[in-house]
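Peer 1: The file below is input-v5.tsv, TSV, C-alpha atoms:
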```tsv
chain	number	residue	atom	x	y	z
C	136	MET	CA	4.80	-17.57	18.66
C	137	THR	CA	1.67	-18.58	20.61
C	138	ALA	CA	0.62	-14.94	20.54
C	139	LEU	CA	1.04	-14.88	16.76
C	140	VAL	CA	-1.03	-18.06	16.31
C	141	THR	CA	-3.75	-16.67	18.60
C	142	THR	CA	-3.72	-13.40	16.67
C	143	LEU	CA	-3.95	-15.01	13.24
C	144	SER	CA	-6.55	-17.62	14.17
C	145	GLY	CA	-8.52	-14.90	15.97
C	146	VAL	CA	-8.75	-12.91	12.72
C	147	LEU	CA	-10.30	-15.94	11.00
C	148	ARG	CA	-12.54	-17.15	13.84
C	149	TYR	CA	-13.97	-13.84	15.01
C	150	ARG	CA	-17.54	-13.81	13.73
C	151	GLY	CA	-17.73	-10.20	12.66
C	152	ARG	CA	-18.85	-11.24	9.17
C	153	GLU	CA	-18.72	-8.51	6.47
C	154	GLY	CA	-17.08	-5.86	8.63
C	155	GLN	CA	-14.43	-8.30	9.86
C	156	TRP	CA	-13.75	-9.68	6.35
C	157	SER	CA	-13.34	-6.14	5.04
C	158	TRP	CA	-11.03	-5.22	7.91
C	159	ALA	CA	-8.82	-8.31	7.41
C	160	LEU	CA	-8.66	-7.83	3.63
C	161	HIS	CA	-7.86	-4.13	4.09
C	162	ARG	CA	-4.96	-4.97	6.39
C	163	VAL	CA	-3.52	-7.76	4.24
C	164	SER	CA	-3.85	-5.74	1.01
C	165	GLY	CA	-2.28	-2.69	2.66
C	166	LEU	CA	0.70	-4.66	3.95
C	167	GLY	CA	1.12	-6.38	0.57
C	168	THR	CA	1.09	-3.04	-1.23
C	169	LEU	CA	3.58	-1.54	1.23
C	170	LEU	CA	5.94	-4.49	0.73
C	171	PHE	CA	5.84	-4.02	-3.03
C	172	LEU	CA	6.12	-0.23	-2.74
C	173	SER	CA	9.31	-0.42	-0.67
C	174	ILE	CA	10.90	-2.69	-3.30
C	175	HIS	CA	9.50	-0.60	-6.16
C	176	ILE	CA	10.97	2.70	-4.86
C	177	LEU	CA	14.40	1.07	-4.63
C	178	ASP	CA	14.28	-0.70	-8.02
C	179	THR	CA	13.19	2.50	-9.78
C	180	ALA	CA	15.88	4.47	-7.94
C	181	THR	CA	18.52	2.36	-9.71
C	182	VAL	CA	17.87	4.41	-12.90
C	183	TYR	CA	19.92	7.09	-11.16
C	184	PHE	CA	22.21	5.16	-8.80
C	185	ALA	CA	23.08	2.11	-10.95
C	186	PRO	CA	21.43	2.12	-14.42
C	187	GLN	CA	22.83	-1.31	-15.39
C	188	LEU	CA	21.10	-2.78	-12.33
C	189	TYR	CA	17.77	-1.36	-13.55
C	190	SER	CA	17.96	-3.42	-16.72
C	191	HIS	CA	18.72	-6.47	-14.60
C	192	ALA	CA	15.72	-5.79	-12.34
C	193	ILE	CA	13.43	-5.33	-15.34
C	194	ALA	CA	14.67	-8.62	-16.79
C	195	LEU	CA	13.67	-10.35	-13.51
C	196	TYR	CA	10.27	-8.65	-13.51
C	197	ARG	CA	9.57	-10.03	-16.98
C	198	HIS	CA	9.40	-13.56	-15.55
C	199	TRP	CA	5.85	-15.00	-15.35
C	200	LEU	CA	6.18	-15.49	-11.57
C	201	PHE	CA	6.65	-11.76	-11.09
C	202	GLY	CA	3.79	-11.25	-13.53
C	203	ILE	CA	1.49	-13.18	-11.21
C	204	GLY	CA	2.83	-11.16	-8.30
C	205	GLU	CA	1.95	-8.02	-10.25
C	206	ILE	CA	-1.64	-9.24	-10.70
C	207	ILE	CA	-1.83	-9.82	-6.92
C	208	LEU	CA	-0.48	-6.28	-6.41
C	209	VAL	CA	-3.21	-4.85	-8.65
C	210	ALA	CA	-5.79	-6.82	-6.64
C	211	CYS	CA	-4.38	-5.40	-3.38
C	212	VAL	CA	-4.38	-1.79	-4.60
C	213	ILE	CA	-7.89	-1.93	-6.11
C	214	TYR	CA	-9.40	-3.55	-3.01
C	215	HIS	CA	-7.53	-1.31	-0.55
C	216	GLY	CA	-8.52	1.84	-2.46
C	217	LEU	CA	-12.21	0.98	-2.78
C	218	ASN	CA	-12.51	-0.28	0.80
C	219	GLY	CA	-10.58	2.75	2.07
C	220	LEU	CA	-13.18	4.93	0.38
C	221	ARG	CA	-15.88	2.99	2.26
C	222	VAL	CA	-14.05	3.61	5.57
C	223	ALA	CA	-13.64	7.32	4.79
C	224	VAL	CA	-17.31	7.68	3.80
C	225	PHE	CA	-18.49	6.20	7.13
C	226	ASP	CA	-16.11	8.47	9.07
C	227	TRP	CA	-17.59	11.40	7.19
C	228	ARG	CA	-21.24	10.31	7.57
C	229	PRO	CA	-21.46	7.96	10.60
C	230	GLU	CA	-25.27	7.89	10.36
C	231	TRP	CA	-24.93	5.89	7.11
C	232	MET	CA	-23.42	3.06	9.22
C	233	VAL	CA	-26.79	1.28	9.13
C	234	TYR	CA	-25.88	0.35	5.54
C	235	GLN	CA	-22.43	-1.03	6.43
C	236	LYS	CA	-23.26	-4.55	5.27
C	237	GLN	CA	-24.46	-3.37	1.86
C	238	ALA	CA	-21.40	-1.09	1.60
C	239	SER	CA	-19.03	-4.03	2.18
C	240	TYR	CA	-20.74	-6.04	-0.56
C	241	THR	CA	-20.71	-3.01	-2.87
C	242	VAL	CA	-16.93	-2.83	-2.39
C	243	PHE	CA	-16.56	-6.57	-3.12
C	244	ALA	CA	-18.63	-6.16	-6.31
C	245	ALA	CA	-16.84	-2.99	-7.48
C	246	PHE	CA	-13.54	-4.76	-6.83
C	247	LEU	CA	-14.53	-7.62	-9.14
C	248	VAL	CA	-15.73	-5.20	-11.84
C	249	LEU	CA	-12.34	-3.45	-11.91
C	250	PHE	CA	-10.09	-6.39	-11.12
C	251	ILE	CA	-11.39	-9.07	-13.52
C	252	PRO	CA	-10.72	-7.13	-16.75
C	253	ALA	CA	-7.35	-5.95	-15.42
C	254	ALA	CA	-6.36	-9.52	-14.46
C	255	LEU	CA	-7.45	-10.89	-17.86
C	256	PHE	CA	-5.48	-8.18	-19.66
C	257	MET	CA	-2.38	-8.76	-17.53
C	258	GLY	CA	-2.73	-12.55	-17.77
C	259	ASN	CA	-2.78	-12.23	-21.55
C	260	THR	CA	0.41	-10.15	-21.44
C	261	ILE	CA	2.11	-12.79	-19.28
C	262	ILE	CA	1.12	-15.59	-21.68
C	263	GLN	CA	2.06	-13.64	-24.80
C	264	LYS	CA	5.33	-12.11	-23.58
C	265	SER	CA	6.73	-14.07	-20.62
C	266	ILE	CA	5.70	-17.59	-21.69
C	267	LEU	CA	5.38	-17.54	-25.50
C	268	GLY	CA	7.99	-14.80	-25.89
C	269	ARG	CA	6.18	-12.94	-28.71
O	1089	MET	CA	6.18	10.43	26.11
O	1090	ALA	CA	4.01	11.26	29.10
O	1091	THR	CA	2.57	8.38	31.09
O	1092	TYR	CA	-0.54	8.17	33.25
O	1093	ALA	CA	-2.10	5.62	35.61
O	1094	HIS	CA	-4.41	3.55	33.44
O	1095	PRO	CA	-7.71	2.51	35.08
O	1096	VAL	CA	-7.25	-1.13	33.94
O	1097	TYR	CA	-3.54	-1.82	33.46
O	1098	ALA	CA	-1.39	-2.08	36.61
O	1099	ARG	CA	1.63	-0.26	35.19
O	1100	PRO	CA	1.55	3.26	33.77
O	1101	VAL	CA	0.91	3.30	30.04
O	1102	ALA	CA	1.95	5.79	27.39
O	1103	GLN	CA	-0.51	8.62	27.03
O	1104	PRO	CA	-1.92	8.77	23.53
O	1105	ARG	CA	-0.82	11.92	21.73
O	1106	ALA	CA	-4.26	13.15	20.78
O	1107	LYS	CA	-3.20	15.91	18.38
O	1108	LEU	CA	-0.76	13.72	16.48
O	1109	GLU	CA	-3.31	10.93	16.18
O	1110	LEU	CA	-5.94	13.35	14.91
O	1111	TYR	CA	-3.58	14.58	12.18
O	1112	ALA	CA	-2.56	11.00	11.35
O	1113	TRP	CA	-6.23	10.03	11.00
O	1114	LEU	CA	-6.93	13.07	8.83
O	1115	PHE	CA	-3.84	12.41	6.70
O	1116	MET	CA	-4.92	8.80	6.08
O	1117	ARG	CA	-8.31	10.01	4.76
O	1118	LEU	CA	-6.97	12.87	2.64
O	1119	SER	CA	-3.99	10.96	1.21
O	1120	GLY	CA	-6.21	7.90	0.72
O	1121	VAL	CA	-8.72	9.83	-1.37
O	1122	LEU	CA	-5.89	11.41	-3.43
O	1123	LEU	CA	-4.16	8.05	-3.85
O	1124	ILE	CA	-7.22	6.49	-5.50
O	1125	PRO	CA	-6.77	8.42	-8.79
O	1126	LEU	CA	-2.96	8.60	-8.40
O	1127	ALA	CA	-2.31	4.92	-7.67
O	1128	PHE	CA	-5.09	3.54	-9.91
O	1129	GLY	CA	-3.84	5.78	-12.73
O	1130	HIS	CA	-0.24	4.70	-12.17
O	1131	LEU	CA	-1.18	1.01	-12.23
O	1132	ALA	CA	-3.33	1.42	-15.35
O	1133	ILE	CA	-0.65	3.34	-17.25
O	1134	MET	CA	2.56	1.66	-16.05
O	1135	HIS	CA	1.46	-1.89	-15.15
O	1136	ILE	CA	-1.49	-2.67	-17.45
O	1137	ILE	CA	-1.58	-0.55	-20.66
O	1138	ASN	CA	2.20	-0.30	-20.70
O	1139	ASN	CA	3.91	-3.18	-18.96
O	1140	VAL	CA	7.26	-4.42	-17.79
O	1141	HIS	CA	7.96	-5.80	-21.29
O	1142	MET	CA	7.83	-2.28	-22.76
O	1143	ILE	CA	9.58	-0.47	-19.92
O	1144	ASP	CA	13.34	0.08	-19.97
O	1145	LEU	CA	15.75	2.93	-19.21
O	1146	ASP	CA	14.77	4.80	-22.40
O	1147	PHE	CA	11.09	4.52	-21.49
O	1148	VAL	CA	11.73	6.00	-18.02
O	1149	ALA	CA	13.98	8.74	-19.47
O	1150	LEU	CA	11.32	9.72	-22.02
O	1151	ARG	CA	8.59	9.71	-19.38
O	1152	TRP	CA	10.59	11.80	-16.92
O	1153	ALA	CA	11.47	14.29	-19.67
O	1154	THR	CA	7.96	15.61	-18.97
O	1155	LEU	CA	7.96	17.57	-15.71
O	1156	GLY	CA	4.31	16.66	-15.10
O	1157	TRP	CA	5.12	12.95	-14.81
O	1158	ARG	CA	7.88	13.69	-12.29
O	1159	VAL	CA	5.46	15.76	-10.21
O	1160	TYR	CA	2.93	12.89	-10.48
O	1161	ASP	CA	5.56	10.37	-9.34
O	1162	ALA	CA	6.73	12.68	-6.54
O	1163	ALA	CA	3.14	12.97	-5.24
O	1164	LEU	CA	2.76	9.21	-5.43
O	1165	LEU	CA	6.09	8.61	-3.66
O	1166	GLY	CA	5.39	11.01	-0.80
O	1167	LEU	CA	1.73	10.19	-0.21
O	1168	ALA	CA	1.85	6.42	-0.73
O	1169	TRP	CA	5.01	5.94	1.30
O	1170	LEU	CA	3.81	7.96	4.30
O	1171	HIS	CA	0.31	6.42	4.06
O	1172	GLY	CA	1.84	2.93	4.02
O	1173	LEU	CA	4.26	3.57	6.89
O	1174	ASN	CA	1.55	5.09	9.06
O	1175	GLY	CA	-0.63	2.06	8.29
O	1176	LEU	CA	2.25	-0.19	9.37
O	1177	ARG	CA	2.47	1.86	12.59
O	1178	TYR	CA	-1.16	0.92	13.36
O	1179	VAL	CA	-0.36	-2.74	12.70
O	1180	VAL	CA	2.71	-2.61	14.98
O	1181	ASP	CA	0.62	-1.03	17.76
O	1182	ASP	CA	-1.99	-3.78	17.34
O	1183	TYR	CA	0.43	-6.69	17.60
O	1184	VAL	CA	3.65	-5.57	19.35
O	1185	HIS	CA	2.70	-4.90	22.97
O	1186	HIS	CA	6.16	-5.09	24.52
O	1187	PRO	CA	7.06	-1.38	24.99
O	1188	GLY	CA	10.75	-1.86	24.16
O	1189	TRP	CA	10.11	-3.78	20.95
O	1190	ASN	CA	7.31	-1.41	19.98
O	1191	ARG	CA	9.63	1.57	20.31
O	1192	THR	CA	12.56	-0.17	18.58
O	1193	ILE	CA	10.46	-1.22	15.59
O	1194	LYS	CA	9.01	2.27	15.19
O	1195	ARG	CA	12.47	3.86	15.36
O	1196	ALA	CA	13.69	1.44	12.68
O	1197	MET	CA	10.65	2.36	10.59
O	1198	ILE	CA	11.43	6.08	10.89
O	1199	VAL	CA	15.09	5.59	9.91
O	1200	GLY	CA	14.30	3.14	7.08
O	1201	GLY	CA	11.35	5.25	5.94
O	1202	ILE	CA	13.41	8.44	5.66
O	1203	LEU	CA	16.26	6.55	3.95
O	1204	ILE	CA	14.06	4.90	1.29
O	1205	PHE	CA	12.17	8.16	0.72
O	1206	LEU	CA	15.45	10.04	0.17
O	1207	ILE	CA	16.75	7.36	-2.21
O	1208	GLY	CA	13.53	7.61	-4.24
O	1209	ALA	CA	13.49	11.42	-4.15
O	1210	VAL	CA	17.15	11.76	-5.24
O	1211	ALA	CA	16.55	9.38	-8.17
O	1212	LEU	CA	13.37	11.23	-9.14
O	1213	ILE	CA	15.20	14.57	-9.18
O	1214	GLY	CA	18.45	13.20	-10.64
O	1215	GLY	CA	16.70	11.28	-13.41
O	1216	VAL	CA	18.00	8.50	-15.64
O	1217	ARG	CA	21.80	8.31	-16.00
O	1218	GLN	CA	22.99	6.61	-19.16
```
Can I see the file as structure tokens?

Peer 2:
Amino acid sequence: MTALVTTLSGVLRYRGREGQWSWALHRVSGLGTLLFLSIHILDTATVYFAPQLYSHAIALYRHWLFGIGEIILVACVIYHGLNGLRVAVFDWRPEWMVYQKQASYTVFAAFLVLFIPAALFMGNTIIQKSILGR
Amino acid sequence: MATYAHPVYARPVAQPRAKLELYAWLFMRLSGVLLIPLAFGHLAIMHIINNVHMIDLDFVALRWATLGWRVYDAALLGLAWLHGLNGLRYVVDDYVHHPGWNRTIKRAMIVGGILIFLIGAVALIGGVRQ
């Protein structure tokens, strides 16, 4: 338990700035996506193994709480994908490392450009369908 | 796994399997680059443009009637699942230092990983039953 607290507080206190923020976000978004993926493979598999369960799962997913979870999932995938590209580019061309700070901010900006419209669109769906039931 | 006397640690530590780690590193880059269009496309089509309010068994049956979508989903299943599990392996190595627990968790990941992959693959090949 102490080790866990040290680990987690270390992630936040380590003053690695942009590189450290990117690393922490990459890890959290990757783990979040993996958690959803493991559930998503199993829920989709019910179309073959237990079709009546699939309808039940879909009914649960239509709740606004799951809708918000889905927006968080989209955030995780967009960030992880864009930041992963940054990691791959620097592995491919290590000499570009001098621009690592700018690259981290480029990823943050590109994330917002893709995520904000997606979140607005999905938020509208949640309000229209899950809450107002239209 | 082979062990060697580490210059810092008192007890012998597991020797890193250089070849395997090189392939794992390469796989993460290649699958990662492929997953950008695959996963972004999947999210856009199935979670944003279409959404959970439009999706039901008929929707999945209609979609999987096209072989191309099954191939797309198979690529996504294989690449994303292995990419995610290998990423989790890095996280386990970072935080679980006790050799016994480290090994046990990884074995559970291999068994669970194969099991969930097979469940997904069988459903993808078998299709919608109604």

Peer 1: Using all atoms listed in the file, find each residue of stretch 142-245 of chain C with at least one atom at most 10 Å away from an atom of stretch 1179-1194 of chain O; report its shortest atom-to-atom pair and that distance in Å (one decimal), sort the rows by chain and rising residue number, and return the result as a tab-separated table.

Peer 2:
```
residue	atom	partner	partner_atom	distance
C:Thr142	CA	O:Tyr1183	CA	7.9
C:Arg162	CA	O:Val1179	CA	8.1
C:Leu166	CA	O:Val1179	CA	9.0
```

Peer 1: Rounded to one decimal, what separation in Å do you get between atom CA of O:Ala1168 and atom CA of O:Thr1154?

Peer 2: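 Distance reported for this atom pair: 21.3 Å.
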
Peer 1: Within 12 Å of (17.4, 2.0, -25.1) in the file's own coordinates, which protein, DNA or RNA residues have an atom, counting all atoms listed in the file? List them as a JSON list (two decimals) with C-alpha atoms, in the frame of the given file.

Peer 2:
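Result went into result14.json, see below:
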```json
[["chain", "number", "residue", "atom", "x", "y", "z"],
["C", 186, "PRO", "CA", 21.43, 2.12, -14.42],
["C", 187, "GLN", "CA", 22.83, -1.31, -15.39],
["C", 190, "SER", "CA", 17.96, -3.42, -16.72],
["O", 1142, "MET", "CA", 7.83, -2.28, -22.76],
["O", 1143, "ILE", "CA", 9.58, -0.47, -19.92],
["O", 1144, "ASP", "CA", 13.34, 0.08, -19.97],
["O", 1145, "LEU", "CA", 15.75, 2.93, -19.21],
["O", 1146, "ASP", "CA", 14.77, 4.80, -22.40],
["O", 1147, "PHE", "CA", 11.09, 4.52, -21.49],
["O", 1148, "VAL", "CA", 11.73, 6.00, -18.02],
["O", 1149, "ALA", "CA", 13.98, 8.74, -19.47],
["O", 1150, "LEU", "CA", 11.32, 9.72, -22.02],
["O", 1216, "VAL", "CA", 18.00, 8.50, -15.64],
["O", 1217, "ARG", "CA", 21.80, 8.31, -16.00],
["O", 1218, "GLN", "CA", 22.99, 6.61, -19.16]]
```

Peer 1: Smallest atom-to-atom distance to O:Ile1213: which of O:Phe1128, O:Phe1115, O:Trp1152, O:Tyr1160, using only C-alpha atoms?

Peer 2: O:Trp1152

Peer 1: Tell me the residues of chain C close to chain O, meaning within 9 Å using all atoms listed in the file, as a VMD selection string.

Peer 2: chain C and resid 138 to 139 142 162 165 to 166 168 to 169 172 to 173 176 to 177 179 to 187 189 to 190 193 to 194 196 to 197 202 205 209 212 to 213 216 to 217 219 to 220 222 to 223 253 to 254 256 to 257 260 264 to 265

Peer 1: Using only C-alpha atoms, find the one residue out of C:Thr137, C:Gln235, C:Ser164, C:Gln155 that sits nearest to C:Cys211.

Peer 2: C:Ser164

Peer 1: Kindly give the distance, in Å, that separates atom CA of C:Ile174 and atom CA of C:Asn218, rounded to a single decimal.

Peer 2: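 So the answer is 23.9 Å.
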
Peer 1: Between atom CA of C:Met232 and atom CA of C:Arg150, what is the distance in Å, rounded to a tenth?

Peer 2: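 Taking atom CA of C:Met232 as the start and atom CA of C:Arg150 as the end point, the length is 18.4 Å.
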
Peer 1: Considering only C-alpha atoms, can you say which of O:Arg1177, O:Met1134, O:Arg1195, O:Asp1161 comes closest to O:Ala1112?

Peer 2: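 Of O:Arg1177, O:Met1134, O:Arg1195, O:Asp1161, the one nearest O:Ala1112 is O:Arg1177, counting only C-alpha atoms.
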
Peer 1: Looking at C:Ile203, C:Leu188, C:Tyr214, C:Ile266, which one is nearest to C:Ala244, with distances taken over only C-alpha atoms?

Peer 2: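 Among the listed residues, the smallest separation from C:Ala244 belongs to C:Tyr214.
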
Peer 1: Please produce stretch 156-169 of chain C, completed to N, CA and C atoms, as a PDB file, in the coordinates of the input.

Peer 2:
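File rebuild-v1.pdb, as written:
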```pdb
ATOM      1  N   TRP C 156     -14.409  -9.269   7.607  1.00  0.00           N
ATOM      2  CA  TRP C 156     -13.750  -9.680   6.350  1.00  0.00           C
ATOM      3  C   TRP C 156     -13.115  -8.472   5.689  1.00  0.00           C
ATOM      4  N   SER C 157     -13.855  -7.356   5.667  1.00  0.00           N
ATOM      5  CA  SER C 157     -13.340  -6.140   5.040  1.00  0.00           C
ATOM      6  C   SER C 157     -12.093  -5.652   5.770  1.00  0.00           C
ATOM      7  N   TRP C 158     -12.161  -5.689   7.105  1.00  0.00           N
ATOM      8  CA  TRP C 158     -11.030  -5.220   7.910  1.00  0.00           C
ATOM      9  C   TRP C 158      -9.783  -6.073   7.627  1.00  0.00           C
ATOM     10  N   ALA C 159      -9.963  -7.406   7.631  1.00  0.00           N
ATOM     11  CA  ALA C 159      -8.820  -8.310   7.410  1.00  0.00           C
ATOM     12  C   ALA C 159      -8.251  -8.116   6.004  1.00  0.00           C
ATOM     13  N   LEU C 160      -9.126  -8.019   5.000  1.00  0.00           N
ATOM     14  CA  LEU C 160      -8.660  -7.830   3.630  1.00  0.00           C
ATOM     15  C   LEU C 160      -7.948  -6.476   3.476  1.00  0.00           C
ATOM     16  N   HIS C 161      -8.474  -5.463   4.166  1.00  0.00           N
ATOM     17  CA  HIS C 161      -7.860  -4.130   4.090  1.00  0.00           C
ATOM     18  C   HIS C 161      -6.438  -4.174   4.631  1.00  0.00           C
ATOM     19  N   ARG C 162      -6.272  -4.872   5.751  1.00  0.00           N
ATOM     20  CA  ARG C 162      -4.960  -4.970   6.390  1.00  0.00           C
ATOM     21  C   ARG C 162      -3.977  -5.761   5.530  1.00  0.00           C
ATOM     22  N   VAL C 163      -4.414  -6.918   5.060  1.00  0.00           N
ATOM     23  CA  VAL C 163      -3.520  -7.760   4.240  1.00  0.00           C
ATOM     24  C   VAL C 163      -3.147  -7.037   2.944  1.00  0.00           C
ATOM     25  N   SER C 164      -4.142  -6.411   2.284  1.00  0.00           N
ATOM     26  CA  SER C 164      -3.850  -5.740   1.010  1.00  0.00           C
ATOM     27  C   SER C 164      -2.960  -4.528   1.232  1.00  0.00           C
ATOM     28  N   GLY C 165      -3.132  -3.839   2.361  1.00  0.00           N
ATOM     29  CA  GLY C 165      -2.280  -2.690   2.660  1.00  0.00           C
ATOM     30  C   GLY C 165      -0.839  -3.114   2.894  1.00  0.00           C
ATOM     31  N   LEU C 166      -0.656  -4.178   3.680  1.00  0.00           N
ATOM     32  CA  LEU C 166       0.700  -4.660   3.950  1.00  0.00           C
ATOM     33  C   LEU C 166       1.356  -5.184   2.672  1.00  0.00           C
ATOM     34  N   GLY C 167       0.580  -5.864   1.843  1.00  0.00           N
ATOM     35  CA  GLY C 167       1.120  -6.380   0.570  1.00  0.00           C
ATOM     36  C   GLY C 167       1.569  -5.243  -0.325  1.00  0.00           C
ATOM     37  N   THR C 168       0.737  -4.198  -0.403  1.00  0.00           N
ATOM     38  CA  THR C 168       1.090  -3.040  -1.230  1.00  0.00           C
ATOM     39  C   THR C 168       2.328  -2.346  -0.698  1.00  0.00           C
ATOM     40  N   LEU C 169       2.420  -2.202   0.631  1.00  0.00           N
ATOM     41  CA  LEU C 169       3.580  -1.540   1.230  1.00  0.00           C
ATOM     42  C   LEU C 169       4.860  -2.330   0.951  1.00  0.00           C
TER      43      LEU C 169
END
```
